[in-house]
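Trainee: Below is the file my_file01.pdb, which contains PDB, C-alpha atoms.
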ATOM      1  CA  ALA A  16      10.673   9.125   5.911  1.00  0.00           C
ATOM      2  CA  VAL A  17       7.195   8.317   7.175  1.00  0.00           C
ATOM      3  CA  ALA A  18       5.502   9.191  10.445  1.00  0.00           C
ATOM      4  CA  ALA A  19       3.594   6.539  12.353  1.00  0.00           C
ATOM      5  CA  GLY A  20      -0.079   6.559  11.389  1.00  0.00           C
ATOM      6  CA  ALA A  21       0.282   9.218   8.675  1.00  0.00           C
ATOM      7  CA  PRO A  22      -1.025   8.127   5.257  1.00  0.00           C
ATOM      8  CA  SER A  23       1.242   8.474   2.239  1.00  0.00           C
ATOM      9  CA  ASP A  24       0.401  10.587  -0.750  1.00  0.00           C
ATOM     10  CA  PRO A  25      -2.054   8.722  -2.990  1.00  0.00           C
ATOM     11  CA  TYR A  26      -0.650   6.625  -5.827  1.00  0.00           C
ATOM     12  CA  LEU A  27      -2.614   6.255  -9.059  1.00  0.00           C
ATOM     13  CA  PHE A  28      -3.903   2.692  -9.286  1.00  0.00           C
ATOM     14  CA  THR A  29      -6.295   2.694 -12.224  1.00  0.00           C
ATOM     15  CA  GLY A  30      -5.282   2.223 -15.836  1.00  0.00           C
ATOM     16  CA  TYR A  31      -2.447  -0.257 -15.297  1.00  0.00           C
ATOM     17  CA  ASP A  32      -2.683  -3.799 -16.630  1.00  0.00           C
ATOM     18  CA  ARG A  33      -0.227  -5.215 -14.051  1.00  0.00           C
ATOM     19  CA  ARG A  34      -0.627  -3.970 -10.510  1.00  0.00           C
ATOM     20  CA  ARG A  35       2.038  -5.011  -8.060  1.00  0.00           C
ATOM     21  CA  LEU A  36       3.217  -3.646  -4.728  1.00  0.00           C
ATOM     22  CA  SER A  37       6.680  -4.017  -3.148  1.00  0.00           C
ATOM     23  CA  LEU A  38       7.077  -2.860   0.459  1.00  0.00           C
ATOM     24  CA  SER A  39      10.317  -2.433   2.404  1.00  0.00           C
ATOM     25  CA  HIS A  40      11.737  -0.260   5.185  1.00  0.00           C
ATOM     26  CA  LYS A  41      14.947   0.512   7.076  1.00  0.00           C
ATOM     27  CA  ALA A  42      13.683  -0.078  10.636  1.00  0.00           C
ATOM     28  CA  HIS A  43      15.409  -2.672  12.828  1.00  0.00           C
ATOM     29  CA  GLU A  44      12.147  -4.467  13.642  1.00  0.00           C
ATOM     30  CA  PRO A  45       9.038  -5.507  11.674  1.00  0.00           C
ATOM     31  CA  VAL A  46       6.738  -2.736  10.477  1.00  0.00           C
ATOM     32  CA  THR A  47       3.069  -3.220   9.673  1.00  0.00           C
ATOM     33  CA  ILE A  48       2.010  -1.272   6.600  1.00  0.00           C
ATOM     34  CA  ARG A  49      -1.710  -0.830   6.008  1.00  0.00           C
ATOM     35  CA  ILE A  50      -2.885  -0.349   2.435  1.00  0.00           C
ATOM     36  CA  GLU A  51      -6.045   1.614   1.760  1.00  0.00           C
ATOM     37  CA  VAL A  52      -7.805   2.129  -1.567  1.00  0.00           C
ATOM     38  CA  ASP A  53     -10.165   4.721  -2.970  1.00  0.00           C
ATOM     39  CA  ILE A  54     -12.433   2.597  -5.158  1.00  0.00           C
ATOM     40  CA  THR A  55     -14.536   5.402  -6.643  1.00  0.00           C
ATOM     41  CA  GLY A  56     -11.994   8.225  -6.905  1.00  0.00           C
ATOM     42  CA  THR A  57     -14.050  10.394  -4.547  1.00  0.00           C
ATOM     43  CA  GLY A  58     -11.778  10.340  -1.482  1.00  0.00           C
ATOM     44  CA  GLN A  59     -13.621   7.532   0.304  1.00  0.00           C
ATOM     45  CA  TRP A  60     -10.705   5.459   1.614  1.00  0.00           C
ATOM     46  CA  ARG A  61     -11.302   1.823   2.553  1.00  0.00           C
ATOM     47  CA  PRO A  62      -8.922  -0.716   4.068  1.00  0.00           C
ATOM     48  CA  TYR A  63      -7.513  -3.246   1.601  1.00  0.00           C
ATOM     49  CA  ARG A  64      -4.988  -5.249   3.591  1.00  0.00           C
ATOM     50  CA  SER A  65      -2.158  -4.955   6.125  1.00  0.00           C
ATOM     51  CA  PHE A  66       1.288  -6.408   5.529  1.00  0.00           C
ATOM     52  CA  GLU A  67       3.868  -7.180   8.200  1.00  0.00           C
ATOM     53  CA  VAL A  68       7.200  -6.311   6.606  1.00  0.00           C
ATOM     54  CA  PRO A  69      10.193  -7.905   8.371  1.00  0.00           C
ATOM     55  CA  ALA A  70      13.355  -5.880   8.917  1.00  0.00           C
ATOM     56  CA  GLY A  71      15.707  -6.153   5.948  1.00  0.00           C
ATOM     57  CA  LYS A  72      13.114  -7.872   3.722  1.00  0.00           C
ATOM     58  CA  THR A  73      10.796  -6.855   0.887  1.00  0.00           C
ATOM     59  CA  VAL A  74       7.193  -8.014   0.773  1.00  0.00           C
ATOM     60  CA  ASP A  75       5.733  -8.289  -2.729  1.00  0.00           C
ATOM     61  CA  HIS A  76       2.012  -8.412  -3.489  1.00  0.00           C
ATOM     62  CA  GLU A  77       0.285  -8.777  -6.830  1.00  0.00           C
ATOM     63  CA  PHE A  78      -3.266  -7.475  -6.863  1.00  0.00           C
ATOM     64  CA  PRO A  79      -5.979  -9.735  -8.291  1.00  0.00           C
ATOM     65  CA  VAL A  80      -6.659  -9.034 -11.973  1.00  0.00           C
ATOM     66  CA  ALA A  81     -10.320  -8.202 -11.289  1.00  0.00           C
ATOM     67  CA  PHE A  82      -9.562  -5.799  -8.411  1.00  0.00           C
ATOM     68  CA  GLN A  83     -10.362  -2.184  -9.318  1.00  0.00           C
ATOM     69  CA  ALA A  84      -9.633   1.108  -7.524  1.00  0.00           C
ATOM     70  CA  TYR A  85      -8.593   4.632  -8.501  1.00  0.00           C
ATOM     71  CA  TRP A  86      -6.054   5.391  -5.800  1.00  0.00           C
ATOM     72  CA  LEU A  87      -3.909   3.563  -3.240  1.00  0.00           C
ATOM     73  CA  ARG A  88      -2.115   4.839  -0.134  1.00  0.00           C
ATOM     74  CA  ALA A  89      -0.033   3.302   2.650  1.00  0.00           C
ATOM     75  CA  THR A  90       0.245   3.912   6.397  1.00  0.00           C
ATOM     76  CA  ALA A  91       3.027   2.506   8.605  1.00  0.00           C
ATOM     77  CA  ASP A  92       2.433   1.650  12.254  1.00  0.00           C
ATOM     78  CA  GLN A  93       5.752   3.234  13.311  1.00  0.00           C
ATOM     79  CA  ALA A  94       8.054   6.001  12.147  1.00  0.00           C
ATOM     80  CA  CYS A  95      10.664   4.740   9.698  1.00  0.00           C
ATOM     81  CA  THR A  96      12.094   5.153   6.233  1.00  0.00           C
ATOM     82  CA  ALA A  97       9.940   3.058   3.915  1.00  0.00           C
ATOM     83  CA  THR A  98       9.512   2.410   0.222  1.00  0.00           C
TER      84      THR A  98
END
Turn this file's structure into structure tokens for me.

Mentor:
Amino acid sequence: AVAAGAPSDPYLFTGYDRRRLSLSHKAHEPVTIRIEVDITGTGQWRPYRSFEVPAGKTVDHEFPVAFQAYWLRATADQACTAT
């Protein structure tokens, strides 16, 4: 369960050779999920991209090979159960 506008716990992003993101939720309408990254590992969060996730669908995203960051977190624009 996620609250609208509340960032998730950070997920470790560095050190993986394949970085992929799959977003889904159980709401009955589209949910916009904003991804933020901490590039330096010092708690300085910056926007990466927002994804509109349709109801009942999964949105997959593969990060560019050259993209580097230490941490990643997600924020939904409405309360829902999301993965």

Trainee: Pull out every residue that the PyMOL selection byres ((chain A and resi 97) around 6) matches in the shown coordinates and put them as a short mmCIF file (atom, residue, chain, number, x, y, z; two decimals) with C-alpha atoms, in the frame of the given file.

Mentor:
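The resulting file, expr.cif, is shown below:
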data_model
loop_
_atom_site.label_atom_id
_atom_site.label_comp_id
_atom_site.auth_asym_id
_atom_site.auth_seq_id
_atom_site.Cartn_x
_atom_site.Cartn_y
_atom_site.Cartn_z
CA SER A 39 10.32 -2.43 2.40
CA HIS A 40 11.74 -0.26 5.18
CA THR A 96 12.09 5.15 6.23
CA THR A 98 9.51 2.41 0.22
#

Trainee: I need the output of the PyMOL selection byres ((chain A and resi 48) around 9) for this file as a VMD selection string; which residues are they?

Mentor: chain A and resid 38 46 to 47 49 to 50 64 to 68 89 to 93

Trainee: Please return as a tab-separated table (two decimals) with C-alpha atoms, in the coordinates of the input every residue within 10 Å of (-3.3, -2.0, -12.6), taking into account all atoms listed in the file and the file's own coordinates.

Mentor:
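Result file follows (out.tsv):
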chain	number	residue	atom	x	y	z
A	27	LEU	CA	-2.61	6.26	-9.06
A	28	PHE	CA	-3.90	2.69	-9.29
A	29	THR	CA	-6.30	2.69	-12.22
A	30	GLY	CA	-5.28	2.22	-15.84
A	31	TYR	CA	-2.45	-0.26	-15.30
A	32	ASP	CA	-2.68	-3.80	-16.63
A	33	ARG	CA	-0.23	-5.22	-14.05
A	34	ARG	CA	-0.63	-3.97	-10.51
A	35	ARG	CA	2.04	-5.01	-8.06
A	77	GLU	CA	0.28	-8.78	-6.83
A	78	PHE	CA	-3.27	-7.48	-6.86
A	79	PRO	CA	-5.98	-9.74	-8.29
A	80	VAL	CA	-6.66	-9.03	-11.97
A	81	ALA	CA	-10.32	-8.20	-11.29
A	82	PHE	CA	-9.56	-5.80	-8.41
A	83	GLN	CA	-10.36	-2.18	-9.32
A	84	ALA	CA	-9.63	1.11	-7.52
A	85	TYR	CA	-8.59	4.63	-8.50

Trainee: Expressed in Å to a single decimal, how great is the separation between CA of Ser37 (chain A) and CA of Trp60 (chain A)?

Mentor: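 Result for CA of Ser37 (chain A) versus CA of Trp60 (chain A): 20.4 Å, one decimal.
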
Trainee: Suppose you want the space between CA of Ser23 (chain A) and CA of Arg88 (chain A); what is it in Å?

Mentor: 5.5 Å

Trainee: I need the residue nearest Lys72 (chain A) from this list: A:Ala21, A:Leu36, A:Ala16, A:Ala42. Use all atoms listed in the file for the distance.

Mentor: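 When distances to Lys72 (chain A) are compared using all atoms listed in the file, the smallest one comes from A:Ala42.
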
Trainee: Output region 19-34 of chain A with N, CA and C atoms present, as a PDB file, in the frame of the given file.

Mentor:
ATOM      1  N   ALA A  19       4.530   7.587  11.952  1.00  0.00           N
ATOM      2  CA  ALA A  19       3.594   6.539  12.353  1.00  0.00           C
ATOM      3  C   ALA A  19       2.162   7.028  12.206  1.00  0.00           C
ATOM      4  N   GLY A  20       1.342   6.250  11.527  1.00  0.00           N
ATOM      5  CA  GLY A  20      -0.079   6.559  11.389  1.00  0.00           C
ATOM      6  C   GLY A  20      -0.427   7.604  10.361  1.00  0.00           C
ATOM      7  N   ALA A  21       0.550   8.187   9.680  1.00  0.00           N
ATOM      8  CA  ALA A  21       0.282   9.218   8.675  1.00  0.00           C
ATOM      9  C   ALA A  21       0.206   8.572   7.290  1.00  0.00           C
ATOM     10  N   PRO A  22      -0.917   8.739   6.584  1.00  0.00           N
ATOM     11  CA  PRO A  22      -1.025   8.127   5.257  1.00  0.00           C
ATOM     12  C   PRO A  22      -0.093   8.786   4.244  1.00  0.00           C
ATOM     13  N   SER A  23       0.386   7.968   3.316  1.00  0.00           N
ATOM     14  CA  SER A  23       1.242   8.474   2.239  1.00  0.00           C
ATOM     15  C   SER A  23       0.422   9.309   1.271  1.00  0.00           C
ATOM     16  N   ASP A  24       1.103   9.970   0.364  1.00  0.00           N
ATOM     17  CA  ASP A  24       0.401  10.587  -0.750  1.00  0.00           C
ATOM     18  C   ASP A  24      -0.274   9.466  -1.537  1.00  0.00           C
ATOM     19  N   PRO A  25      -1.399   9.752  -2.182  1.00  0.00           N
ATOM     20  CA  PRO A  25      -2.054   8.722  -2.990  1.00  0.00           C
ATOM     21  C   PRO A  25      -1.239   8.386  -4.235  1.00  0.00           C
ATOM     22  N   TYR A  26      -1.280   7.123  -4.608  1.00  0.00           N
ATOM     23  CA  TYR A  26      -0.650   6.625  -5.827  1.00  0.00           C
ATOM     24  C   TYR A  26      -1.750   6.222  -6.797  1.00  0.00           C
ATOM     25  N   LEU A  27      -1.635   6.626  -8.047  1.00  0.00           N
ATOM     26  CA  LEU A  27      -2.614   6.255  -9.059  1.00  0.00           C
ATOM     27  C   LEU A  27      -2.606   4.742  -9.241  1.00  0.00           C
ATOM     28  N   PHE A  28      -3.773   4.141  -9.203  1.00  0.00           N
ATOM     29  CA  PHE A  28      -3.903   2.692  -9.286  1.00  0.00           C
ATOM     30  C   PHE A  28      -4.617   2.247 -10.558  1.00  0.00           C
ATOM     31  N   THR A  29      -5.493   3.070 -11.066  1.00  0.00           N
ATOM     32  CA  THR A  29      -6.295   2.694 -12.224  1.00  0.00           C
ATOM     33  C   THR A  29      -5.505   2.854 -13.520  1.00  0.00           C
ATOM     34  N   GLY A  30      -5.886   2.067 -14.519  1.00  0.00           N
ATOM     35  CA  GLY A  30      -5.282   2.223 -15.836  1.00  0.00           C
ATOM     36  C   GLY A  30      -4.064   1.356 -16.097  1.00  0.00           C
ATOM     37  N   TYR A  31      -3.609   0.615 -15.117  1.00  0.00           N
ATOM     38  CA  TYR A  31      -2.447  -0.257 -15.297  1.00  0.00           C
ATOM     39  C   TYR A  31      -2.915  -1.696 -15.496  1.00  0.00           C
ATOM     40  N   ASP A  32      -2.273  -2.413 -16.401  1.00  0.00           N
ATOM     41  CA  ASP A  32      -2.683  -3.799 -16.630  1.00  0.00           C
ATOM     42  C   ASP A  32      -2.027  -4.756 -15.638  1.00  0.00           C
ATOM     43  N   ARG A  33      -0.886  -4.402 -15.086  1.00  0.00           N
ATOM     44  CA  ARG A  33      -0.227  -5.215 -14.051  1.00  0.00           C
ATOM     45  C   ARG A  33      -0.064  -4.346 -12.821  1.00  0.00           C
ATOM     46  N   ARG A  34      -0.688  -4.762 -11.742  1.00  0.00           N
ATOM     47  CA  ARG A  34      -0.627  -3.970 -10.510  1.00  0.00           C
ATOM     48  C   ARG A  34       0.055  -4.795  -9.429  1.00  0.00           C
TER      49      ARG A  34
END
